[in-house]
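Trainee: Supplied structure: target_29.txt, compact mmCIF, C-alpha atoms.
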# COMPACT_ATOMS: atom_id res chain seq x y z
CA MET R 7 -16.28 9.24 17.68
CA THR R 8 -15.94 12.85 16.60
CA ARG R 9 -12.56 11.94 15.11
CA LEU R 10 -14.27 9.40 12.86
CA ILE R 11 -16.64 12.03 11.47
CA ARG R 12 -13.81 14.51 10.88
CA VAL R 13 -12.67 12.48 7.88
CA TYR R 14 -15.85 13.52 6.02
CA PRO R 15 -15.88 16.66 3.82
CA GLN R 16 -17.02 19.83 5.59
CA ARG R 17 -20.17 20.16 3.45
CA TRP R 18 -21.21 16.62 4.39
CA ARG R 19 -20.54 17.33 8.07
CA ASP R 20 -22.60 20.52 7.99
CA ARG R 21 -25.55 18.52 6.71
CA TYR R 22 -25.32 15.12 8.45
CA GLU R 23 -22.83 15.26 11.35
CA ALA R 24 -25.39 15.95 14.13
CA GLU R 25 -27.62 13.09 12.94
CA VAL R 26 -24.76 10.59 12.70
CA MET R 27 -23.38 11.61 16.10
CA ALA R 28 -26.84 11.07 17.62
CA ILE R 29 -26.83 7.53 16.19
CA LEU R 30 -23.29 6.74 17.33
CA GLU R 31 -24.15 7.88 20.86
CA VAL R 32 -26.99 5.39 21.22
CA ARG R 33 -25.25 2.69 19.21
CA PRO R 34 -21.48 2.72 19.85
CA PRO R 35 -19.73 1.72 16.62
CA THR R 36 -18.16 -1.72 16.26
CA PHE R 37 -14.96 -2.18 14.23
CA ARG R 38 -17.11 -2.98 11.20
CA ASP R 39 -19.17 0.18 11.75
CA ARG R 40 -15.98 2.22 11.90
CA LEU R 41 -14.82 0.74 8.61
CA ASP R 42 -18.23 1.54 7.13
CA ILE R 43 -17.91 5.16 8.25
CA VAL R 44 -14.42 5.47 6.71
CA ARG R 45 -15.73 3.91 3.50
CA GLY R 46 -18.63 6.37 3.56
CA ALA R 47 -16.15 9.25 4.01
CA ILE R 48 -14.13 8.14 0.98
CA ASP R 49 -17.39 7.95 -0.99
CA ALA R 50 -18.40 11.45 0.19
CA HIS R 51 -15.03 12.83 -0.96
CA LEU R 52 -15.24 11.04 -4.31
CA HIS R 53 -18.89 11.99 -4.95
CA PRO R 54 -19.49 15.44 -3.44
CA GLY R 55 -22.30 15.96 -5.95
CA GLN R 56 -24.40 13.40 -4.11
CA ILE R 57 -24.65 15.72 -1.13
CA ASP R 58 -27.18 18.49 -1.39
CA GLY R 59 -25.51 21.56 -2.91
CA GLY R 60 -22.18 19.83 -3.52
CA THR R 61 -20.39 20.32 -6.82
CA PRO R 62 -19.25 17.18 -8.60
CA ILE R 63 -15.52 16.99 -9.18
CA PRO R 64 -14.71 16.71 -12.92
CA TRP R 65 -13.01 13.40 -13.67
CA THR R 66 -10.07 15.30 -15.16
CA ASN R 67 -9.36 16.64 -11.66
CA ARG R 68 -8.53 13.10 -10.58
CA ILE R 69 -5.72 12.80 -13.15
CA PRO R 70 -3.02 14.64 -11.15
CA GLY R 71 -3.76 12.51 -8.08
CA LEU R 72 -3.66 9.32 -10.10
CA LEU R 73 -0.33 10.29 -11.66
CA ALA R 74 1.18 11.27 -8.30
CA LEU R 75 -0.08 8.09 -6.64
CA THR R 76 1.24 5.90 -9.45
CA GLY R 77 4.57 7.77 -9.42
CA GLY R 78 4.87 7.24 -5.66
CA LEU R 79 4.15 3.51 -5.99
CA MET R 80 6.64 3.20 -8.86
CA TRP R 81 9.27 4.83 -6.67
CA ALA R 82 8.49 3.04 -3.41
CA GLY R 83 7.76 -0.39 -4.95
CA PRO R 84 11.25 -1.13 -6.34
CA VAL R 85 12.83 0.39 -3.22
CA VAL R 86 10.82 -1.92 -0.95
CA ALA R 87 11.53 -4.86 -3.28
CA SER R 88 15.26 -4.06 -3.07
CA ALA R 89 15.07 -3.98 0.72
CA LEU R 90 13.22 -7.30 0.88
CA LEU R 91 15.46 -9.05 -1.65
CA GLY R 92 18.63 -7.51 -0.25
CA THR R 93 19.79 -6.82 -3.79
CA ASP R 94 19.09 -4.33 -6.54
CA PRO R 95 16.28 -5.82 -8.70
CA GLY R 96 17.41 -3.64 -11.59
CA ALA R 97 14.33 -1.41 -11.49
CA GLN R 98 16.11 1.94 -11.74
CA GLY R 99 14.15 2.58 -14.95
CA LEU R 100 10.91 2.32 -13.01
CA ILE R 101 12.17 4.78 -10.40
CA GLY R 102 13.31 7.17 -13.16
CA SER R 103 9.92 6.97 -14.87
CA SER R 104 8.18 7.64 -11.57
CA VAL R 105 9.80 11.09 -11.43
CA ILE R 106 8.31 11.90 -14.84
CA LEU R 107 4.83 10.94 -13.60
CA MET R 108 5.31 13.01 -10.46
CA ALA R 109 6.40 16.00 -12.53
CA VAL R 110 3.47 15.66 -14.93
CA SER R 111 1.05 15.57 -11.98
CA LEU R 112 2.04 19.17 -11.25
CA SER R 113 0.52 21.64 -13.66
CA GLY R 114 2.49 24.52 -15.12
CA GLU R 115 0.15 27.10 -13.57
CA TYR R 116 1.08 26.06 -10.04
CA ALA R 117 4.77 26.07 -10.81
CA VAL R 118 4.46 29.67 -12.05
CA SER R 119 2.32 30.85 -9.12
CA TYR R 120 4.54 29.44 -6.41
CA GLY R 121 7.87 29.48 -8.23
CA ARG R 122 9.46 32.27 -6.17
CA ARG R 123 8.60 30.75 -2.79
CA ILE R 124 9.75 27.32 -3.91
CA GLY R 125 12.94 28.82 -5.31
CA ILE R 126 13.79 30.35 -1.91
CA VAL R 127 13.13 27.07 -0.10
CA VAL R 128 15.19 24.94 -2.42
CA ALA R 129 18.04 27.51 -2.48
CA ILE R 130 18.26 27.32 1.33
CA LEU R 131 18.27 23.54 1.14
CA ALA R 132 20.92 23.51 -1.57
CA VAL R 133 23.20 25.85 0.40
CA ALA R 134 22.72 23.67 3.50
CA LEU R 135 23.69 20.64 1.51
CA LEU R 136 26.76 22.30 0.02
CA GLY R 137 27.75 23.03 3.61
CA ALA R 138 28.10 19.28 4.01
CA ALA R 139 30.92 19.16 1.43
CA PRO R 140 33.72 19.72 4.01
CA PHE R 141 32.62 16.50 5.71
CA GLY R 142 34.24 14.45 2.99
CA TRP R 143 31.40 14.21 0.50
CA SER R 144 32.52 13.65 -3.06
CA ALA R 145 31.49 16.26 -5.65
CA PHE R 146 29.35 13.65 -7.38
CA ALA R 147 27.53 12.72 -4.16
CA VAL R 148 26.89 16.38 -3.34
CA ALA R 149 25.58 17.04 -6.86
CA LEU R 150 23.40 13.94 -6.78
CA LEU R 151 21.95 14.58 -3.33
CA GLY R 152 21.67 18.30 -4.06
CA GLY R 153 19.64 17.59 -7.15
CA TYR R 154 17.51 15.13 -5.22
CA LEU R 155 16.89 17.72 -2.52
CA VAL R 156 16.32 20.72 -4.76
CA VAL R 157 14.13 19.01 -7.33
CA GLY R 158 12.48 16.60 -4.89
CA ALA R 159 11.64 19.22 -2.26
CA GLY R 160 10.32 21.60 -4.91
CA MET R 161 8.13 18.92 -6.44
CA LEU R 162 6.87 17.78 -3.05
CA THR R 163 5.99 21.37 -2.15
CA LEU R 164 3.97 21.76 -5.32
CA ALA R 165 2.26 18.42 -4.81
CA ALA R 166 1.39 19.38 -1.23
CA ILE R 167 -0.09 22.69 -2.44
CA ARG R 168 -2.15 20.82 -4.99
CA ALA R 169 -3.32 18.39 -2.32
CA GLY R 170 -4.50 21.33 -0.17
CA ILE R 171 -1.84 20.93 2.55
CA GLY R 172 -1.06 24.11 4.56
CA THR R 173 2.40 25.67 4.97
CA ARG R 174 3.19 23.84 8.22
CA GLY R 175 2.10 20.54 6.74
CA ARG R 176 4.28 21.11 3.67
CA TRP R 177 7.32 21.76 5.86
CA ALA R 178 6.50 18.67 7.93
CA ILE R 179 6.34 16.55 4.76
CA ILE R 180 9.65 17.83 3.39
CA THR R 181 11.33 17.57 6.79
CA GLY R 182 10.01 14.10 7.50
CA THR R 183 10.60 12.58 4.09
CA MET R 184 13.78 14.34 2.91
CA LEU R 185 15.63 16.40 5.51
CA VAL R 186 15.48 13.93 8.40
CA PRO R 187 16.50 10.86 6.35
CA LEU R 188 19.30 12.83 4.65
CA SER R 189 20.55 14.30 7.93
CA LEU R 190 20.71 10.77 9.35
CA LEU R 191 22.94 9.93 6.41
CA VAL R 192 25.48 12.66 7.29
CA PRO R 193 26.98 11.08 10.44
CA ILE R 194 27.21 7.74 8.63
CA VAL R 195 29.17 9.30 5.78
CA VAL R 196 31.32 11.34 8.16
CA ARG R 197 32.24 8.21 10.09
CA SER R 198 32.91 6.21 6.95
CA PRO R 199 33.43 8.30 3.79
CA THR R 200 32.95 5.24 1.57
CA GLN R 201 29.68 4.57 -0.25
CA PRO R 202 26.69 4.23 2.15
CA SER R 203 25.33 0.73 2.60
CA PHE R 204 22.44 -0.56 0.53
CA THR R 205 20.04 -0.53 3.52
CA THR R 206 20.96 3.07 4.31
CA ALA R 207 20.27 4.15 0.75
CA VAL R 208 16.84 2.45 0.87
CA ALA R 209 16.00 4.08 4.22
CA VAL R 210 16.91 7.50 2.83
CA ILE R 211 14.95 7.46 -0.41
CA LEU R 212 11.88 5.37 0.52
CA PRO R 213 10.05 8.14 2.48
CA PHE R 214 10.06 10.33 -0.64
CA GLY R 215 8.04 7.73 -2.56
CA LEU R 216 5.68 7.19 0.37
CA ALA R 217 5.03 10.95 0.56
CA TRP R 218 3.94 10.87 -3.09
CA VAL R 219 1.63 7.94 -2.42
CA LEU R 220 -0.08 9.88 0.39
CA LEU R 221 -0.25 13.18 -1.51
CA GLY R 222 -1.45 11.38 -4.64
CA ALA R 223 -4.21 9.62 -2.70
CA ARG R 224 -5.31 12.95 -1.23
CA MET R 225 -5.28 14.66 -4.63
CA LEU R 226 -7.21 11.75 -6.10
CA ILE R 227 -9.92 11.97 -3.44
CA ARG R 228 -10.21 15.77 -3.23
CA GLY R 229 -9.52 16.45 -6.88
CA ALA R 230 -6.81 18.82 -8.10
CA PRO R 231 -7.46 21.07 -11.10
CA THR R 232 -5.44 20.30 -14.20
CA PHE R 233 -4.18 23.04 -16.49
CA VAL R 234 -7.06 22.29 -18.86
CA ASP R 235 -9.74 22.98 -16.21
CA PRO R 236 -11.28 26.39 -15.58
CA PRO R 237 -9.63 28.35 -12.73
CA ASP R 238 -10.69 27.38 -9.22
CA PRO R 239 -12.60 30.31 -7.64
CA VAL R 240 -10.91 29.61 -4.27
CA GLU R 241 -7.45 29.85 -5.77
CA PRO R 242 -6.91 33.66 -5.56
CA GLU R 243 -7.65 33.52 -1.83
CA LEU R 244 -5.14 30.70 -1.39
CA ARG R 245 -2.48 32.65 -3.24
CA THR R 246 -2.68 35.58 -0.82
CA ARG R 247 -1.71 33.35 2.14
CA MET H 16 -37.14 4.47 -18.39
CA SER H 17 -33.96 4.23 -16.30
CA ASP H 18 -34.13 2.49 -12.96
CA PRO H 19 -33.32 5.14 -10.34
CA LEU H 20 -32.14 2.57 -7.80
CA GLN H 21 -29.85 0.61 -10.10
CA GLU H 22 -28.02 3.87 -10.86
CA LEU H 23 -26.94 3.94 -7.22
CA GLY H 24 -24.41 1.12 -7.55
CA ARG H 25 -23.50 -0.35 -4.17
CA PHE H 26 -26.13 1.85 -2.54
CA ALA H 27 -28.97 0.30 -4.57
CA GLU H 28 -29.80 -2.48 -2.10
CA PRO H 29 -29.53 -0.35 1.07
CA SER H 30 -31.65 2.28 -0.70
CA LEU H 31 -34.43 -0.22 -1.35
CA TYR H 32 -34.38 -1.22 2.34
CA ILE H 33 -34.59 2.44 3.34
CA LEU H 34 -37.50 3.14 0.97
CA VAL H 35 -39.37 0.09 2.33
CA SER H 36 -38.65 1.24 5.87
CA LEU H 37 -40.09 4.68 5.13
CA ALA H 38 -43.15 3.22 3.39
CA ASP H 39 -45.16 3.13 6.62
CA GLY H 40 -44.26 6.65 7.74
CA PRO H 41 -41.35 9.06 8.42
CA LYS H 42 -38.37 7.80 10.42
CA HIS H 43 -35.05 9.24 11.55
CA GLY H 44 -31.68 7.58 10.88
CA TYR H 45 -31.51 5.34 13.94
CA ALA H 46 -35.14 4.21 13.52
CA ILE H 47 -34.40 3.32 9.88
CA MET H 48 -31.35 1.29 10.93
CA THR H 49 -33.22 -0.73 13.53
CA ASP H 50 -36.25 -1.20 11.25
CA VAL H 51 -34.12 -2.42 8.33
CA GLU H 52 -32.33 -4.83 10.64
CA ALA H 53 -35.64 -6.18 11.97
CA VAL H 54 -37.28 -6.52 8.54
CA SER H 55 -34.39 -7.73 6.39
CA GLY H 56 -31.84 -9.05 8.87
CA ARG H 57 -29.24 -6.76 7.23
CA SER H 58 -27.24 -4.37 9.38
CA LEU H 59 -26.78 -0.89 7.89
CA GLY H 60 -23.72 1.05 9.03
CA ALA H 61 -23.98 4.81 9.47
CA GLY H 62 -21.66 5.41 6.49
CA THR H 63 -23.81 3.33 4.15
CA LEU H 64 -27.07 4.69 5.59
CA TYR H 65 -26.16 8.33 5.05
CA GLY H 66 -24.51 7.65 1.68
CA ALA H 67 -27.83 6.14 0.57
CA LEU H 68 -30.00 8.82 2.23
CA ALA H 69 -28.01 11.58 0.48
CA ARG H 70 -28.50 9.90 -2.89
CA LEU H 71 -32.20 9.25 -2.35
CA GLU H 72 -32.77 12.83 -1.22
CA ARG H 73 -30.88 14.21 -4.20
CA ARG H 74 -33.01 12.14 -6.58
CA GLY H 75 -36.23 13.32 -4.95
CA LEU H 76 -37.23 9.86 -3.70
CA ILE H 77 -37.25 10.97 -0.04
CA GLU H 78 -37.35 14.32 1.71
CA ALA H 79 -35.94 15.53 5.00
CA LEU H 80 -38.34 16.96 7.59
CA GLU H 81 -37.58 19.46 10.34
CA PRO H 82 -35.22 17.92 12.91
CA THR H 83 -36.32 17.15 16.44
CA GLU H 84 -33.28 17.81 18.64
CA ARG H 85 -30.49 16.29 16.54
CA ARG H 86 -32.66 13.68 14.85
CA ARG H 87 -33.99 14.52 11.43
CA PRO H 88 -36.84 12.38 10.12
CA TYR H 89 -37.12 11.46 6.45
CA ARG H 90 -40.24 10.57 4.49
CA LEU H 91 -41.06 9.10 1.11
CA THR H 92 -42.02 11.47 -1.68
CA GLY H 93 -44.64 10.55 -4.29
CA LEU H 94 -41.84 9.57 -6.68
CA GLY H 95 -40.22 7.49 -3.95
CA ALA H 96 -43.47 5.62 -3.27
CA THR H 97 -43.95 4.89 -6.97
CA THR H 98 -40.34 3.75 -7.31
CA VAL H 99 -40.41 1.41 -4.33
CA LYS H 100 -43.72 -0.09 -5.45
CA ALA H 101 -42.33 -0.74 -8.93
CA GLN H 102 -39.20 -2.32 -7.44
CA LEU H 103 -41.19 -4.57 -5.12
CA ASP H 104 -43.59 -5.59 -7.93
CA HIS H 105 -40.57 -6.53 -10.03
CA LEU H 106 -39.02 -8.52 -7.18
CA LEU H 107 -42.36 -10.22 -6.50
CA GLY H 108 -42.65 -11.30 -10.14
CA PHE H 109 -39.04 -12.50 -10.06
CA ALA H 110 -39.61 -14.44 -6.82
CA ARG H 111 -42.81 -16.04 -8.18
CA THR H 112 -41.05 -17.14 -11.35
CA GLY H 113 -38.12 -18.54 -9.38
CA LEU H 114 -40.35 -20.40 -6.92
CA SER H 115 -42.54 -21.89 -9.65
CA ARG H 116 -39.42 -23.14 -11.47
CA ILE H 117 -38.06 -24.69 -8.30
CA GLU H 118 -41.41 -26.35 -7.57
CA GLY H 119 -41.63 -27.52 -11.21
CA GLY H 120 -38.11 -28.93 -11.08
CA ALA H 121 -38.79 -30.78 -7.83
CA ARG H 122 -41.68 -32.78 -9.34
For this file, write the structure as structure tokens.
Mentor:
Amino acid sequence: MTRLIRVYPQRWRDRYEAEVMAILEVRPPTFRDRLDIVRGAIDAHLHPGQIDGGTPIPWTNRIPGLLALTGGLMWAGPVVASALLGTDPGAQGLIGSSVILMAVSLSGEYAVSYGRRIGIVVAILAVALLGAAPFGWSAFAVALLGGYLVVGAGMLTLAAIRAGIGTRGRWAIITGTMLVPLSLLVPIVVRSPTQPSFTTAVAVILPFGLAWVLLGARMLIRGAPTFVDPPDPVEPELRTR
Amino acid sequence: MSDPLQELGRFAEPSLYILVSLADGPKHGYAIMTDVEAVSGRSLGAGTLYGALARLERRGLIEALEPTERRRPYRLTGLGATTVKAQLDHLLGFARTGLSRIEGGAR
């Protein structure tokens, strides 16, 4: 039951957690009650101003989350459709546009603040990828996947920072959605240096879109400052971590 | 004058139930849930209950009292009592009109 309440914002929990736990102890929640609690948690995240002392999130702070979520869906949607149809539905334009939305969801200020750290991460990834060249990768494939890794990992890192994900979580996201799928691709290519199968390509790039859907949803609920908003007072503390 | 309950969107109806429940004296969360269920037949989940309580408290329609163990009672404020009375008067007028039309149509 405690796990259910953990999905609420901290300020809400400080005020109401003990009362709700007392109720749930005498009246164990049904499936419908659990759904109601999750719905209440989403509401509490979306409307923090309704809780005593909470500060309402400006609507502009929802824009980055909305863009990231839409970008993720525009990436994952055609990929899933391709997998289901077994053919390319000709939606590369949609996937290309999704990257623009993802990029716009990241404000310039964040890119500047975390640029050095992100640069180090993506450089390591790029070198690792170049190390794969002796395994028979074509120059085009290395350049394509390198760009995907460097740009994709950098953008995911920024999005994770904006969504309030800690360092370990950021690494887990990049590892789970980019490094693991790509590393699974290596033995396939080594065994058969021809173009990877359609299913393999889908399996490799789908997690990237799903990561954006999750990060976008989190940014949408928690709010992420845009470059037009006043600076977040918590931000300097975050930067020292 | 704006209607303070209609501003609450999906919490408007649960809020009215809560205000009616508190009309005969302070109650804590669980007592409100069981009372609302007994009076209206509607089941209030904890998520909806506390979403509505937070909104009512913020608008000054109810106030929280000192908790006993982990249970915190809530009571109606003067504004809350006025609001719930106005809402019920409105509903009563609406119900009377509806019933008289039904009875008139049945003749």
Trainee: Return the neighbours of chain H among the residues of chain R, cut-off 6 Å, counting all atoms listed in the file, as a ChimeraX atom specification.
Mentor: /R:24-25,29,39,42-43,46,56-57
Trainee: What separation in Å, quoted to one decimal, exists between atom CA of Ile180 of chain R and atom CA of Leu75 of chain R?
Mentor: 17.0 Å
Trainee: What is the atom CA of Val85 of chain R-atom CA of Val210 of chain R distance in Å, reported with one decimal?
Mentor: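 Spanning atom CA of Val85 of chain R to atom CA of Val210 of chain R is a straight-line distance of 10.2 Å.
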Trainee: Within 8 Å of Val86 of chain R, counting all atoms listed in the file, which residues qualify if same-chain residues fewer than 3 places away don't, as a PyMOL selection string?
Mentor: chain R and resi 82-83+89-90+208+212
Trainee: Mind giving me the straight-line distance from atom CA of Ala223 of chain R to atom CA of Val105 of chain R in Å, one decimal?
Mentor: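 Pair atom CA of Ala223 of chain R / atom CA of Val105 of chain R returns 16.6 Å.
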Trainee: Around (-41.9, 9.3, 1.1) in the file's frame, which residues reach within 10 Å when counting only C-alpha atoms? Return as a VMD selection string?
Mentor: chain H and resid 34 to 41 75 to 79 89 to 97 99
Trainee: Kindly provide, as a JSON list (two decimals) with C-alpha atoms, keeping the file's coordinate frame, the polymer residues lying within 12 Å of (3.2, 18.3, 6.6), counting all atoms listed in the file and using the coordinates exactly as they appear in the file.
Mentor:
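Okay, this is what ended up in result18.json:
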[["chain", "number", "residue", "atom", "x", "y", "z"],
["R", 162, "LEU", "CA", 6.87, 17.78, -3.05],
["R", 163, "THR", "CA", 5.99, 21.37, -2.15],
["R", 165, "ALA", "CA", 2.26, 18.42, -4.81],
["R", 166, "ALA", "CA", 1.39, 19.38, -1.23],
["R", 167, "ILE", "CA", -0.09, 22.69, -2.44],
["R", 169, "ALA", "CA", -3.32, 18.39, -2.32],
["R", 170, "GLY", "CA", -4.50, 21.33, -0.17],
["R", 171, "ILE", "CA", -1.84, 20.93, 2.55],
["R", 172, "GLY", "CA", -1.06, 24.11, 4.56],
["R", 173, "THR", "CA", 2.40, 25.67, 4.97],
["R", 174, "ARG", "CA", 3.19, 23.84, 8.22],
["R", 175, "GLY", "CA", 2.10, 20.54, 6.74],
["R", 176, "ARG", "CA", 4.28, 21.11, 3.67],
["R", 177, "TRP", "CA", 7.32, 21.76, 5.86],
["R", 178, "ALA", "CA", 6.50, 18.67, 7.93],
["R", 179, "ILE", "CA", 6.34, 16.55, 4.76],
["R", 180, "ILE", "CA", 9.65, 17.83, 3.39],
["R", 181, "THR", "CA", 11.33, 17.57, 6.79],
["R", 182, "GLY", "CA", 10.01, 14.10, 7.50],
["R", 183, "THR", "CA", 10.60, 12.58, 4.09],
["R", 184, "MET", "CA", 13.78, 14.34, 2.91],
["R", 217, "ALA", "CA", 5.03, 10.95, 0.56],
["R", 220, "LEU", "CA", -0.08, 9.88, 0.39],
["R", 221, "LEU", "CA", -0.25, 13.18, -1.51]]
Trainee: Go through R:Thr205, R:Thr76, R:Thr93, R:Ser88 one by one, measure the shortest atom-to-atom distance of each to Leu107 of chain R using all atoms listed in the file, and give the residue with the smallest value.
Mentor: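 Ranking R:Thr205, R:Thr76, R:Thr93, R:Ser88 by distance to Leu107 of chain R, first place goes to R:Thr76.
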Trainee: Around all listed atoms of segment 153-158 of chain R, padded 4 Å per side, what centre and edge lengths does the axis-aligned box have in Å to one decimal, as JSON?
Mentor:
{"center_x": 16.1, "center_y": 17.9, "center_z": -4.9, "size_x": 15.2, "size_y": 13.6, "size_z": 12.8}
Trainee: Can you work out which one of H:Tyr32, H:Asp18, H:Asp50, H:Ala27 has the shortest atom-to-atom distance to Thr98 of chain H, counting all atoms listed in the file?
Mentor: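 Distance minimum relative to Thr98 of chain H lands on H:Asp18.
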